[in-house]
Each structure stands twice: as structure tokens, then as C-alpha cells.
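Structure file protein33.json with JSON, C-alpha atoms:
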```
[["chain", "number", "residue", "atom", "x", "y", "z"],
["A", 1, "MET", "CA", 18.19, -8.61, 2.94],
["A", 2, "PHE", "CA", 16.27, -8.09, -0.24],
["A", 3, "MET", "CA", 12.62, -8.52, -1.11],
["A", 4, "ALA", "CA", 10.97, -8.60, -4.48],
["A", 5, "ASP", "CA", 8.54, -5.86, -3.49],
["A", 6, "SER", "CA", 9.90, -2.48, -4.43],
["A", 7, "ARG", "CA", 7.06, -0.12, -3.56],
["A", 8, "LEU", "CA", 8.62, 0.79, -0.26],
["A", 9, "ASP", "CA", 11.13, 2.88, -2.19],
["A", 10, "GLU", "CA", 10.49, 6.47, -3.16],
["A", 11, "ARG", "CA", 6.95, 6.95, -4.43],
["A", 12, "PRO", "CA", 4.90, 10.03, -5.23],
["A", 13, "ARG", "CA", 2.31, 10.91, -2.61],
["A", 14, "ALA", "CA", -0.33, 11.40, -5.24],
["A", 15, "MET", "CA", -4.05, 11.07, -4.90],
["A", 16, "SER", "CA", -4.32, 8.36, -7.56],
["A", 17, "ARG", "CA", -3.60, 5.55, -5.19],
["A", 18, "ALA", "CA", -4.69, 2.84, -7.57],
["A", 19, "LEU", "CA", -1.72, 3.60, -9.78],
["A", 20, "ASP", "CA", 0.71, 4.04, -6.91],
["A", 21, "ARG", "CA", -0.35, 0.76, -5.40],
["A", 22, "GLY", "CA", 0.49, -1.17, -8.52],
["A", 23, "PRO", "CA", 1.86, -4.69, -8.81],
["A", 24, "ALA", "CA", 4.65, -5.67, -6.48],
["A", 25, "THR", "CA", 6.98, -6.14, -9.43],
["A", 26, "SER", "CA", 6.61, -2.56, -10.64],
["A", 27, "GLY", "CA", 10.32, -1.77, -10.46],
["A", 28, "VAL", "CA", 12.81, 0.01, -8.27],
["A", 29, "SER", "CA", 12.90, 3.81, -8.46],
["A", 30, "ILE", "CA", 16.36, 4.43, -7.07],
["A", 31, "PRO", "CA", 18.06, 7.20, -9.04],
["A", 32, "LEU", "CA", 20.96, 6.01, -11.14],
["A", 33, "ASP", "CA", 23.47, 8.09, -9.20],
["A", 34, "GLU", "CA", 22.45, 6.58, -5.89],
["A", 35, "GLU", "CA", 23.71, 3.34, -4.52],
["A", 36, "PRO", "CA", 20.98, 1.00, -3.29],
["A", 37, "ASP", "CA", 20.43, 0.94, 0.44],
["A", 38, "GLU", "CA", 21.79, -2.56, 0.65],
["A", 39, "ALA", "CA", 25.07, -1.46, -0.97],
["A", 40, "LEU", "CA", 25.35, 1.31, 1.60],
["A", 41, "MET", "CA", 24.62, -1.18, 4.35],
["A", 42, "ALA", "CA", 27.45, -3.35, 3.11],
["A", 43, "LEU", "CA", 29.79, -0.35, 3.41],
["A", 44, "ILE", "CA", 28.35, 0.55, 6.79],
["A", 45, "ARG", "CA", 28.96, -2.96, 8.01],
["A", 46, "ALA", "CA", 32.62, -2.35, 7.23],
["A", 47, "GLY", "CA", 32.51, 0.83, 9.34],
["A", 48, "ASN", "CA", 32.17, 3.38, 6.54],
["A", 49, "GLN", "CA", 30.85, 6.56, 8.18],
["A", 50, "THR", "CA", 30.22, 8.31, 4.87],
["A", 51, "ALA", "CA", 27.89, 5.52, 3.79],
["A", 52, "TYR", "CA", 26.07, 5.78, 7.10],
["A", 53, "ARG", "CA", 25.63, 9.52, 6.69],
["A", 54, "ARG", "CA", 24.22, 9.01, 3.20],
["A", 55, "LEU", "CA", 21.79, 6.36, 4.41],
["A", 56, "VAL", "CA", 20.57, 8.53, 7.28],
["A", 57, "HIS", "CA", 20.15, 11.59, 5.08],
["A", 58, "ARG", "CA", 18.29, 9.50, 2.50],
["A", 59, "HIS", "CA", 15.70, 8.15, 4.94],
["A", 60, "LEU", "CA", 15.57, 10.62, 7.82],
["A", 61, "LYS", "CA", 12.77, 12.79, 6.46],
["A", 62, "ARG", "CA", 10.37, 9.92, 5.74],
["A", 63, "ALA", "CA", 11.20, 8.08, 8.93],
["A", 64, "TYR", "CA", 10.64, 11.23, 10.98],
["A", 65, "ALA", "CA", 7.41, 12.08, 9.17],
["A", 66, "LEU", "CA", 6.08, 8.58, 9.76],
["A", 67, "ALA", "CA", 7.01, 8.68, 13.44],
["A", 68, "ARG", "CA", 5.55, 12.18, 13.80],
["A", 69, "ARG", "CA", 2.21, 11.06, 12.36],
["A", 70, "LEU", "CA", 2.10, 7.90, 14.42],
["A", 71, "THR", "CA", 3.05, 9.47, 17.74],
["A", 72, "GLY", "CA", 1.46, 12.87, 17.17],
["A", 73, "ASN", "CA", 4.39, 14.28, 19.07],
["A", 74, "GLU", "CA", 7.61, 15.85, 17.80],
["A", 75, "ALA", "CA", 9.74, 14.90, 20.80],
["A", 76, "GLU", "CA", 8.64, 11.27, 20.73],
["A", 77, "ALA", "CA", 9.15, 11.10, 17.00],
["A", 78, "GLU", "CA", 12.68, 12.45, 17.38],
["A", 79, "ASP", "CA", 13.43, 9.89, 20.09],
["A", 80, "VAL", "CA", 12.14, 7.03, 17.97],
["A", 81, "VAL", "CA", 14.02, 8.06, 14.85],
["A", 82, "GLN", "CA", 17.26, 8.74, 16.70],
["A", 83, "ASP", "CA", 17.06, 5.38, 18.44],
["A", 84, "VAL", "CA", 16.37, 3.51, 15.21],
["A", 85, "PHE", "CA", 19.22, 5.11, 13.26],
["A", 86, "LEU", "CA", 21.63, 4.71, 16.16],
["A", 87, "GLN", "CA", 20.82, 1.03, 16.13],
["A", 88, "VAL", "CA", 21.74, 0.85, 12.46],
["A", 89, "TRP", "CA", 25.26, 2.06, 13.24],
["A", 90, "GLN", "CA", 25.78, 0.32, 16.53],
["A", 91, "ARG", "CA", 24.63, -3.07, 15.29],
["A", 92, "ARG", "CA", 26.03, -2.79, 11.79],
["A", 93, "SER", "CA", 28.03, -5.96, 12.12],
["A", 94, "GLN", "CA", 24.81, -7.89, 12.61],
["A", 95, "TRP", "CA", 23.21, -6.74, 9.37],
["A", 96, "ALA", "CA", 22.70, -9.92, 7.36],
["A", 97, "ASP", "CA", 22.63, -9.50, 3.60],
["A", 98, "ASP", "CA", 20.98, -12.84, 3.20],
["A", 99, "GLY", "CA", 17.93, -12.30, 1.06],
["A", 100, "GLY", "CA", 15.58, -11.27, 3.87],
["A", 101, "ALA", "CA", 13.62, -8.05, 4.08],
["A", 102, "LYS", "CA", 15.10, -4.97, 2.43],
["A", 103, "PHE", "CA", 16.30, -2.00, 4.45],
["A", 104, "THR", "CA", 13.23, 0.18, 3.92],
["A", 105, "THR", "CA", 10.94, -2.63, 5.05],
["A", 106, "TRP", "CA", 13.02, -3.08, 8.18],
["A", 107, "LEU", "CA", 13.10, 0.69, 8.79],
["A", 108, "TYR", "CA", 9.34, 1.09, 8.50],
["A", 109, "ARG", "CA", 8.74, -1.95, 10.66],
["A", 110, "VAL", "CA", 10.99, -0.72, 13.45],
["A", 111, "VAL", "CA", 9.61, 2.82, 13.37],
["A", 112, "VAL", "CA", 6.01, 1.54, 13.44],
["A", 113, "ASN", "CA", 6.72, -0.91, 16.26],
["A", 114, "ARG", "CA", 8.50, 1.70, 18.35],
["A", 115, "CYS", "CA", 5.71, 4.19, 17.85],
["A", 116, "ILE", "CA", 3.04, 1.63, 18.73],
["A", 117, "ASP", "CA", 5.00, 0.86, 21.85],
["A", 118, "HIS", "CA", 5.12, 4.57, 22.69],
["A", 119, "LYS", "CA", 1.43, 5.12, 22.15],
["A", 120, "ARG", "CA", -0.07, 1.78, 23.09],
["A", 121, "ARG", "CA", -3.65, 2.08, 24.28],
["A", 122, "PRO", "CA", -5.95, -0.76, 25.28],
["A", 123, "VAL", "CA", -9.05, 0.18, 23.26],
["A", 124, "SER", "CA", -10.21, 2.95, 20.99],
["A", 125, "GLN", "CA", -12.19, 5.69, 22.68],
["A", 126, "ASP", "CA", -15.86, 6.24, 22.16],
["A", 127, "ILE", "CA", -16.64, 8.79, 19.50],
["A", 128, "ASP", "CA", -18.88, 10.68, 21.88],
["A", 129, "SER", "CA", -15.78, 11.67, 23.84],
["A", 130, "VAL", "CA", -14.48, 13.85, 20.99],
["A", 131, "GLU", "CA", -14.56, 17.48, 21.96],
["A", 132, "GLU", "CA", -16.07, 20.20, 19.82],
["A", 133, "PRO", "CA", -13.67, 22.55, 18.08],
["A", 134, "ALA", "CA", -13.42, 25.83, 19.98],
["A", 135, "ASP", "CA", -14.37, 28.21, 17.17],
["A", 136, "ALA", "CA", -17.78, 27.57, 15.62],
["A", 137, "ARG", "CA", -19.05, 31.02, 14.65],
["A", 138, "PRO", "CA", -21.68, 30.73, 11.94],
["A", 139, "ASP", "CA", -20.42, 33.67, 9.87],
["A", 140, "ALA", "CA", -17.76, 31.57, 8.20],
["A", 141, "VAL", "CA", -19.39, 28.20, 8.30],
["A", 142, "HIS", "CA", -18.03, 26.88, 5.07],
["A", 143, "ALA", "CA", -14.40, 27.66, 5.75],
["A", 144, "ILE", "CA", -14.70, 26.61, 9.35],
["A", 145, "HIS", "CA", -16.36, 23.38, 8.37],
["A", 146, "ARG", "CA", -13.46, 22.52, 6.09],
["A", 147, "GLN", "CA", -11.05, 23.23, 8.90],
["A", 148, "ARG", "CA", -13.24, 21.26, 11.25],
["A", 149, "VAL", "CA", -13.22, 18.22, 9.03],
["A", 150, "ALA", "CA", -9.46, 18.25, 8.77],
["A", 151, "ALA", "CA", -9.05, 18.94, 12.48],
["A", 152, "ARG", "CA", -11.56, 16.29, 13.43],
["A", 153, "LEU", "CA", -9.86, 13.75, 11.24],
["A", 154, "LEU", "CA", -6.55, 14.46, 12.88],
["A", 155, "ASP", "CA", -8.19, 14.29, 16.27],
["A", 156, "ALA", "CA", -10.10, 11.15, 15.33],
["A", 157, "GLN", "CA", -6.88, 9.41, 14.41],
["A", 158, "THR", "CA", -5.67, 9.87, 17.95],
["A", 159, "LYS", "CA", -8.74, 7.93, 19.09],
["A", 160, "LEU", "CA", -7.83, 4.90, 17.02],
["A", 161, "THR", "CA", -5.85, 2.05, 18.48],
["A", 162, "PRO", "CA", -2.11, 2.29, 17.75],
["A", 163, "GLN", "CA", -2.42, -0.55, 15.27],
["A", 164, "GLN", "CA", -5.35, 1.08, 13.45],
["A", 165, "ARG", "CA", -3.51, 4.38, 13.36],
["A", 166, "ALA", "CA", -0.40, 2.71, 11.97],
["A", 167, "ALA", "CA", -2.45, 1.02, 9.23],
["A", 168, "VAL", "CA", -4.24, 4.27, 8.33],
["A", 169, "THR", "CA", -0.97, 6.22, 8.26],
["A", 170, "LEU", "CA", 0.81, 3.67, 6.10],
["A", 171, "PHE", "CA", -2.18, 3.44, 3.73],
["A", 172, "TYR", "CA", -3.17, 7.09, 3.33],
["A", 173, "TYR", "CA", 0.03, 9.00, 4.06],
["A", 174, "GLU", "CA", 2.69, 6.56, 2.89],
["A", 175, "ASN", "CA", 0.52, 5.27, 0.04],
["A", 176, "LEU", "CA", 1.43, 1.66, 0.69],
["A", 177, "SER", "CA", -0.61, -1.33, -0.41],
["A", 178, "ASN", "CA", -2.26, -3.63, 2.08],
["A", 179, "ALA", "CA", 0.36, -6.26, 1.22],
["A", 180, "ASP", "CA", 3.21, -3.84, 2.03],
["A", 181, "ILE", "CA", 1.52, -2.82, 5.26],
["A", 182, "ALA", "CA", 1.11, -6.48, 6.18],
["A", 183, "THR", "CA", 4.83, -7.05, 5.60],
["A", 184, "ILE", "CA", 5.80, -4.08, 7.73],
["A", 185, "MET", "CA", 3.39, -4.86, 10.56],
["A", 186, "GLN", "CA", 4.05, -8.58, 10.32],
["A", 187, "ILE", "CA", 0.37, -9.45, 10.14],
["A", 188, "SER", "CA", -1.80, -10.94, 7.40],
["A", 189, "VAL", "CA", -3.36, -8.89, 4.62],
["A", 190, "GLY", "CA", -6.74, -9.84, 6.08],
["A", 191, "ALA", "CA", -5.71, -8.39, 9.41],
["A", 192, "VAL", "CA", -4.65, -5.16, 7.68],
["A", 193, "GLU", "CA", -8.03, -5.00, 5.97],
["A", 194, "SER", "CA", -9.74, -5.49, 9.31],
["A", 195, "LEU", "CA", -7.68, -2.73, 10.93],
["A", 196, "LEU", "CA", -8.49, -0.35, 8.08],
["A", 197, "LYS", "CA", -12.14, -1.34, 8.14],
["A", 198, "ARG", "CA", -12.57, -0.59, 11.81],
["A", 199, "ALA", "CA", -10.59, 2.64, 11.44],
["A", 200, "ARG", "CA", -12.70, 3.82, 8.51],
["A", 201, "GLN", "CA", -15.89, 3.00, 10.38],
["A", 202, "GLN", "CA", -14.79, 5.04, 13.33],
["A", 203, "LEU", "CA", -13.51, 7.94, 11.26],
["A", 204, "ARG", "CA", -16.74, 7.98, 9.26],
["A", 205, "LEU", "CA", -18.87, 8.13, 12.39],
["A", 206, "LEU", "CA", -16.73, 10.92, 13.75],
["A", 207, "LEU", "CA", -17.14, 12.91, 10.59],
["A", 208, "ARG", "CA", -20.89, 12.45, 10.68],
["A", 209, "ALA", "CA", -20.89, 13.81, 14.20],
["A", 210, "SER", "CA", -18.79, 16.71, 12.97],
["A", 211, "ALA", "CA", -21.21, 17.49, 10.16],
["A", 212, "GLN", "CA", -24.13, 17.37, 12.55],
["A", 213, "ALA", "CA", -22.35, 19.72, 14.93],
["A", 214, "ALA", "CA", -21.66, 22.14, 12.09],
["A", 215, "ARG", "CA", -25.31, 22.14, 11.07],
["A", 216, "GLU", "CA", -26.42, 22.77, 14.63],
["A", 217, "ALA", "CA", -23.95, 25.63, 14.97],
["A", 218, "PHE", "CA", -25.35, 27.17, 11.79],
["A", 219, "ASP", "CA", -28.96, 26.74, 12.94],
["A", 220, "ASP", "CA", -28.17, 28.25, 16.33],
["A", 221, "GLY", "CA", -26.63, 31.27, 14.63],
["B", 1, "MET", "CA", -24.61, -6.96, -3.85],
["B", 2, "THR", "CA", -26.85, -5.19, -1.34],
["B", 3, "ASP", "CA", -26.32, -1.75, 0.09],
["B", 4, "GLU", "CA", -25.22, -3.27, 3.37],
["B", 5, "GLU", "CA", -22.69, -5.51, 1.65],
["B", 6, "PHE", "CA", -21.45, -2.48, -0.24],
["B", 7, "ARG", "CA", -20.99, -0.62, 3.03],
["B", 8, "ASP", "CA", -19.00, -3.52, 4.43],
["B", 9, "HIS", "CA", -16.71, -3.64, 1.38],
["B", 10, "LEU", "CA", -16.40, 0.14, 1.38],
["B", 11, "ASP", "CA", -15.14, 0.13, 4.94],
["B", 12, "ARG", "CA", -12.80, -2.77, 4.23],
["B", 13, "PHE", "CA", -11.26, -1.58, 0.96],
["B", 14, "GLY", "CA", -11.83, 2.19, 0.94],
["B", 15, "GLY", "CA", -13.37, 4.52, -1.61],
["B", 16, "ASP", "CA", -11.10, 3.71, -4.55],
["B", 17, "LEU", "CA", -12.82, 0.88, -6.41],
["B", 18, "ALA", "CA", -9.70, 0.34, -8.49],
["B", 19, "VAL", "CA", -8.01, -1.32, -5.50],
["B", 20, "TRP", "CA", -10.97, -3.56, -4.64],
["B", 21, "PRO", "CA", -10.91, -7.22, -5.66],
["B", 22, "PRO", "CA", -11.98, -7.15, -9.34],
["B", 23, "GLU", "CA", -15.14, -9.22, -8.99],
["B", 24, "THR", "CA", -16.28, -7.29, -5.94],
["B", 25, "ALA", "CA", -15.59, -4.01, -7.71],
["B", 26, "ARG", "CA", -17.62, -5.15, -10.71],
["B", 27, "ASP", "CA", -20.59, -6.02, -8.48],
["B", 28, "ALA", "CA", -20.18, -2.70, -6.67],
["B", 29, "ARG", "CA", -20.27, -0.74, -9.93],
["B", 30, "ALA", "CA", -23.46, -2.56, -10.89],
["B", 31, "LEU", "CA", -25.00, -1.62, -7.55],
["B", 32, "LEU", "CA", -23.89, 2.00, -7.91],
["B", 33, "ARG", "CA", -25.77, 2.27, -11.18],
["B", 34, "ARG", "CA", -29.06, 1.54, -9.44],
["B", 35, "SER", "CA", -28.65, 2.52, -5.77],
["B", 36, "VAL", "CA", -28.70, 6.14, -4.68],
["B", 37, "ALA", "CA", -27.89, 4.99, -1.13],
["B", 38, "ALA", "CA", -24.73, 3.27, -2.32],
["B", 39, "GLN", "CA", -23.73, 6.36, -4.29],
["B", 40, "ALA", "CA", -24.15, 8.43, -1.12],
["B", 41, "MET", "CA", -22.00, 5.98, 0.84],
["B", 42, "LEU", "CA", -19.26, 6.17, -1.76],
["B", 43, "ASP", "CA", -19.43, 9.97, -1.85],
["B", 44, "GLU", "CA", -19.09, 10.08, 1.91],
["B", 45, "MET", "CA", -16.08, 7.76, 1.92],
["B", 46, "VAL", "CA", -14.31, 9.59, -0.90],
["B", 47, "ALA", "CA", -14.89, 12.93, 0.82],
["B", 48, "MET", "CA", -13.45, 11.54, 4.03],
["B", 49, "GLU", "CA", -10.42, 10.11, 2.28],
["B", 50, "LEU", "CA", -9.78, 13.35, 0.41],
["B", 51, "ALA", "CA", -9.86, 15.21, 3.71],
["B", 52, "LEU", "CA", -7.71, 12.56, 5.32],
["B", 53, "THR", "CA", -4.95, 12.45, 2.76],
["B", 54, "PRO", "CA", -3.40, 15.92, 3.18],
["B", 55, "GLY", "CA", -3.50, 15.57, 6.97],
["B", 56, "LEU", "CA", -0.62, 17.19, 8.74],
["B", 57, "PRO", "CA", 1.64, 19.62, 6.97],
["B", 58, "GLU", "CA", 4.87, 18.17, 5.72],
["B", 59, "ASP", "CA", 6.73, 16.86, 8.74],
["B", 60, "ARG", "CA", 10.31, 17.94, 8.49],
["B", 61, "PRO", "CA", 12.90, 16.63, 10.91],
["B", 62, "PRO", "CA", 13.99, 19.24, 13.42],
["B", 63, "PRO", "CA", 17.16, 21.10, 12.47],
["B", 64, "GLY", "CA", 20.30, 19.32, 13.54],
["B", 65, "LEU", "CA", 18.69, 15.92, 14.11],
["B", 66, "ALA", "CA", 20.95, 14.20, 11.61],
["B", 67, "ASP", "CA", 24.03, 15.77, 13.21],
["B", 68, "ARG", "CA", 22.87, 14.67, 16.65],
["B", 69, "ILE", "CA", 22.41, 11.14, 15.37],
["B", 70, "PHE", "CA", 25.89, 11.13, 13.84],
["B", 71, "ALA", "CA", 27.48, 12.56, 16.97],
["B", 72, "ALA", "CA", 25.82, 9.98, 19.18],
["B", 73, "ALA", "CA", 26.48, 7.09, 16.79],
["B", 74, "PHE", "CA", 30.17, 7.76, 16.33],
["B", 75, "ARG", "CA", 30.64, 8.17, 20.08],
["B", 76, "LEU", "CA", 29.26, 4.74, 20.81],
["B", 77, "PRO", "CA", 31.10, 1.47, 20.40],
["B", 78, "ALA", "CA", 29.71, -1.08, 17.98],
["B", 79, "SER", "CA", 27.42, -3.66, 19.49],
["B", 80, "ASP", "CA", 27.19, -7.33, 18.63],
["B", 81, "ARG", "CA", 23.48, -7.35, 19.49],
["B", 82, "GLY", "CA", 21.12, -8.20, 16.69],
["B", 83, "PHE", "CA", 18.80, -5.73, 15.00],
["B", 84, "ASP", "CA", 15.75, -5.07, 17.08],
["B", 85, "GLU", "CA", 12.43, -4.83, 15.27],
["B", 86, "ASP", "CA", 10.11, -4.64, 18.23],
["B", 87, "GLY", "CA", 9.12, -1.74, 20.37],
["B", 88, "ASP", "CA", 10.70, -3.52, 23.26],
["B", 89, "PRO", "CA", 14.46, -2.96, 22.91],
["B", 90, "ALA", "CA", 15.10, -6.08, 24.96],
["B", 91, "ALA", "CA", 13.69, -8.28, 22.22],
["B", 92, "ASN", "CA", 17.03, -8.30, 20.40],
["B", 93, "ARG", "CA", 15.95, -10.24, 17.35],
["B", 94, "LEU", "CA", 17.73, -10.42, 14.08],
["B", 95, "MET", "CA", 15.45, -9.73, 11.16]]
```
Kindly transcribe the structure held in the file into C-alpha cells.
Amino acid sequence: MFMADSRLDERPRAMSRALDRGPATSGVSIPLDEEPDEALMALIRAGNQTAYRRLVHRHLKRAYALARRLTGNEAEAEDVVQDVFLQVWQRRSQWADDGGAKFTTWLYRVVVNRCIDHKRRPVSQDIDSVEEPADARPDAVHAIHRQRVAARLLDAQTKLTPQQRAAVTLFYYENLSNADIATIMQISVGAVESLLKRARQQLRLLLRASAQAAREAFDDG
Amino acid sequence: MTDEEFRDHLDRFGGDLAVWPPETARDARALLRRSVAAQAMLDEMVAMELALTPGLPEDRPPPGLADRIFAAAFRLPASDRGFDEDGDPAANRLM
């Protein structure tokens, strides 16, 4: 189950996304002393518990972080991740090393799908429904505004549809390209662009509302 | 490119012009040289994305999660069901 695209392997979470989202043929970054995931999966298929432990330890942190961001809930994230990794062991005999998607692509796809299923909502909420942050004293406007922006962005993400939130998380937190996101979500690149477009529009409007609220709090003070 | 078209592309591709389609990015840079409104739109998007990127603090798995996974996995018998990609565990599809 291999794909040519290698950017789903370890990548720096740097701000210079243009470089991180380079060509799909940019090379695999697996350390020399580590066996590729697919080699571990071959051992796991034969019932090798040590290989399974290595695979879980290798991917647990990123899988959990992704699930945590998508669900916004530690308990749900733990459930999702535990279920996904259990499936890897239980269904190891069904793993087909046949040139399909690589392990990390499958892992991201399953985590995203499970989280969307957990958090499925019919439509995004209206931005007017976002509550004001509790603390808005004008004597520390600058610092509070910075906190507000970050808090509002986190809150705003919960107002997105599960699909929009997944696209935003994979793009901004996992630093994946639109093509990688399309592969994981099993949709077209155009559909990914549309999800990101609607999400950015909504987040932008929410931030404008936040800035206006901050100004009003300052003026009232 | 007009300001409105720039806004549309900005929402679609984000504030990093390096990841825009090359021709669109070239037109956008030309617009940015003459449009203060477009510059303000780009500033707003970049500011939002900078605030968005750090997001939550590093999400670390809860202590003992790996051990709980191993304990549960090695207790259970192997299944001949296929790998399940969907949120619905009943889907039972091989990848």
C-alpha cells in the first residue's frame, strides 16, 4: 500500500508553508534507523507485537493531536485513536501490501472520518451566535485582544462544519497540501479548495466581529 | 484582476501567494502593487493565518494510552474483517 506522495511523513510544522508543501516527489524523511511503516505492517501481519508497538509509538502523538483538534475533546480523541490502532492489530491479516495508499494516508483518513462522524453537524452556525469572551477589561486591551483573537479562532473552528474543520486542521496544523488533503478526505482538490474557502470566509468574518468588539470595549472603558 | 477577484482567490488559496497557481499569483502581485484595498485584504488574511497556526498547545496523548491500546489489542482475537476507513464501523471496506 504505497503512494508516490511522501509529504504525509514527518514534516516540520514551520510557518513557511510554501516550502513544506513542495512537490509530491520531494522525498521520504524516514530516519535511516527506522523501518518504513509498510515494513512494520508486514511484520505486524505476521503477528509481530514488537513491530506493532513501534508503529503505535511512532504515530500515536500525531494521530492523537489530529483527533484532539478535530473533536475538540480529549475523551473523544482518545476513543478515536484507540479504536483506530486496535483495528490495525485486529485486522492485520487484511492489510494488503498491494501498491495502494500508504499507512500514514490510511491513518489520517480513518482518524478524520471517525472524528467527522463524532462531530457531524448539519450546517455551520451563524457568526452572530458566537459569544463574547468573558474578560474584556480595557486596561490590558492589547494583550487581551491577542488572547481574544486566538480564543475566537479556536471557538470559530467549532462553528465550522466537520468537513471544513478537517480541511482547516489538515492545512494549517498538519501543513498538508490541498492534494494530500484531497487524498485523505477522498474528495477532489477543487472540493478541498471550496471547503477552505468557505472556512476562511467564516473565520475572517468572525475575526472582524472580534476586532469590532475589542474596539467597543476600549471605547466603553 | 479586480479587488473582488483577489478576495475570492485569497479565500480559496490563503494568504501565502507562493502556493497560489502561478499565473493567478502573478496577477495578484500586480494588483497588490496598485491596490491599497487588496493589500489590506492580504494583511488581514495573513494576520488571521498567523493567529490560526499556533492554535492549541501541543496535544500530547494522555499518559498510558499506548499501554491501554496494547493491552486491549493483545487481549482480542484477530479479525478477518477488512480495514475500515469510514466513520461508520459497519462499512468494513478494504482500502
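Coordinates place CA of Asn113 in chain A at a distance of 14.9 Å from CA of Asp180 in chain A.
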Separation of CA of Val112 in chain A from CA of His9 in chain B in Å: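 Taking CA of His9 in chain B and CA of Val112 in chain A, their separation equals 26.2 Å.
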Straight-line distance linking CA of Trp89 in chain A with CA of Lys102 in chain A, stated in Å to one decimal: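 Result for CA of Trp89 in chain A versus CA of Lys102 in chain A: 16.4 Å, one decimal.
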If the cut-off is 6 Å, can you tell me the residues of chain A near chain B, counting all atoms listed in the file? I'd like them as a short mmCIF file (atom, residue, chain, number, x, y, z; two decimals) with C-alpha atoms, keeping the file's coordinate frame.
```cif
data_model
loop_
_atom_site.label_atom_id
_atom_site.label_comp_id
_atom_site.auth_asym_id
_atom_site.auth_seq_id
_atom_site.Cartn_x
_atom_site.Cartn_y
_atom_site.Cartn_z
CA ALA A 18 -4.69 2.84 -7.57
CA LYS A 61 12.77 12.79 6.46
CA TYR A 64 10.64 11.23 10.98
CA ALA A 65 7.41 12.08 9.17
CA GLN A 82 17.26 8.74 16.70
CA LEU A 86 21.63 4.71 16.16
CA GLN A 90 25.78 0.32 16.53
CA ARG A 91 24.63 -3.07 15.29
CA GLN A 94 24.81 -7.89 12.61
CA VAL A 110 10.99 -0.72 13.45
CA ASN A 113 6.72 -0.91 16.26
CA ARG A 114 8.50 1.70 18.35
CA ASP A 117 5.00 0.86 21.85
CA ALA A 150 -9.46 18.25 8.77
CA TYR A 172 -3.17 7.09 3.33
CA GLU A 193 -8.03 -5.00 5.97
CA LYS A 197 -12.14 -1.34 8.14
CA ARG A 200 -12.70 3.82 8.51
#
```
For Gln157 in chain A: contacts at 9 Å, only C-alpha atoms, fewer than 4 positions along chain excluded, given as an NGL selection string: :A and (152-153 or 161 or 164-165 or 168 or 199 or 203)
Some atoms are missing, so please complete range 194-208 of chain A with N, CA and C atoms and return it as a PDB file, in the frame of the given file.
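The result, written out as result_26.pdb:
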```
ATOM      1  N   SER A 194      -8.879  -5.650   8.137  1.00  0.00           N
ATOM      2  CA  SER A 194      -9.740  -5.490   9.310  1.00  0.00           C
ATOM      3  C   SER A 194      -9.394  -4.224  10.089  1.00  0.00           C
ATOM      4  N   LEU A 195      -8.097  -3.954  10.234  1.00  0.00           N
ATOM      5  CA  LEU A 195      -7.680  -2.730  10.930  1.00  0.00           C
ATOM      6  C   LEU A 195      -8.205  -1.497  10.186  1.00  0.00           C
ATOM      7  N   LEU A 196      -8.034  -1.506   8.865  1.00  0.00           N
ATOM      8  CA  LEU A 196      -8.490  -0.350   8.080  1.00  0.00           C
ATOM      9  C   LEU A 196     -10.009  -0.232   8.114  1.00  0.00           C
ATOM     10  N   LYS A 197     -10.677  -1.370   8.109  1.00  0.00           N
ATOM     11  CA  LYS A 197     -12.140  -1.340   8.140  1.00  0.00           C
ATOM     12  C   LYS A 197     -12.641  -0.699   9.429  1.00  0.00           C
ATOM     13  N   ARG A 198     -12.111  -1.152  10.533  1.00  0.00           N
ATOM     14  CA  ARG A 198     -12.570  -0.590  11.810  1.00  0.00           C
ATOM     15  C   ARG A 198     -12.201   0.887  11.913  1.00  0.00           C
ATOM     16  N   ALA A 199     -11.018   1.233  11.404  1.00  0.00           N
ATOM     17  CA  ALA A 199     -10.590   2.640  11.440  1.00  0.00           C
ATOM     18  C   ALA A 199     -11.512   3.505  10.589  1.00  0.00           C
ATOM     19  N   ARG A 200     -11.821   3.032   9.385  1.00  0.00           N
ATOM     20  CA  ARG A 200     -12.700   3.820   8.510  1.00  0.00           C
ATOM     21  C   ARG A 200     -14.085   3.987   9.131  1.00  0.00           C
ATOM     22  N   GLN A 201     -14.583   2.906   9.733  1.00  0.00           N
ATOM     23  CA  GLN A 201     -15.890   3.000  10.380  1.00  0.00           C
ATOM     24  C   GLN A 201     -15.887   4.081  11.432  1.00  0.00           C
ATOM     25  N   GLN A 202     -14.843   4.078  12.225  1.00  0.00           N
ATOM     26  CA  GLN A 202     -14.790   5.040  13.330  1.00  0.00           C
ATOM     27  C   GLN A 202     -14.604   6.464  12.802  1.00  0.00           C
ATOM     28  N   LEU A 203     -13.724   6.609  11.824  1.00  0.00           N
ATOM     29  CA  LEU A 203     -13.510   7.940  11.260  1.00  0.00           C
ATOM     30  C   LEU A 203     -14.787   8.466  10.600  1.00  0.00           C
ATOM     31  N   ARG A 204     -15.483   7.584   9.921  1.00  0.00           N
ATOM     32  CA  ARG A 204     -16.740   7.980   9.260  1.00  0.00           C
ATOM     33  C   ARG A 204     -17.761   8.467  10.272  1.00  0.00           C
ATOM     34  N   LEU A 205     -17.904   7.728  11.367  1.00  0.00           N
ATOM     35  CA  LEU A 205     -18.870   8.130  12.390  1.00  0.00           C
ATOM     36  C   LEU A 205     -18.474   9.456  13.024  1.00  0.00           C
ATOM     37  N   LEU A 206     -17.198   9.657  13.187  1.00  0.00           N
ATOM     38  CA  LEU A 206     -16.730  10.920  13.750  1.00  0.00           C
ATOM     39  C   LEU A 206     -17.036  12.079  12.811  1.00  0.00           C
ATOM     40  N   LEU A 207     -16.854  11.840  11.541  1.00  0.00           N
ATOM     41  CA  LEU A 207     -17.140  12.910  10.590  1.00  0.00           C
ATOM     42  C   LEU A 207     -18.628  13.233  10.535  1.00  0.00           C
ATOM     43  N   ARG A 208     -19.444  12.190  10.649  1.00  0.00           N
ATOM     44  CA  ARG A 208     -20.890  12.450  10.680  1.00  0.00           C
ATOM     45  C   ARG A 208     -21.244  13.320  11.874  1.00  0.00           C
TER      46      ARG A 208
END
```
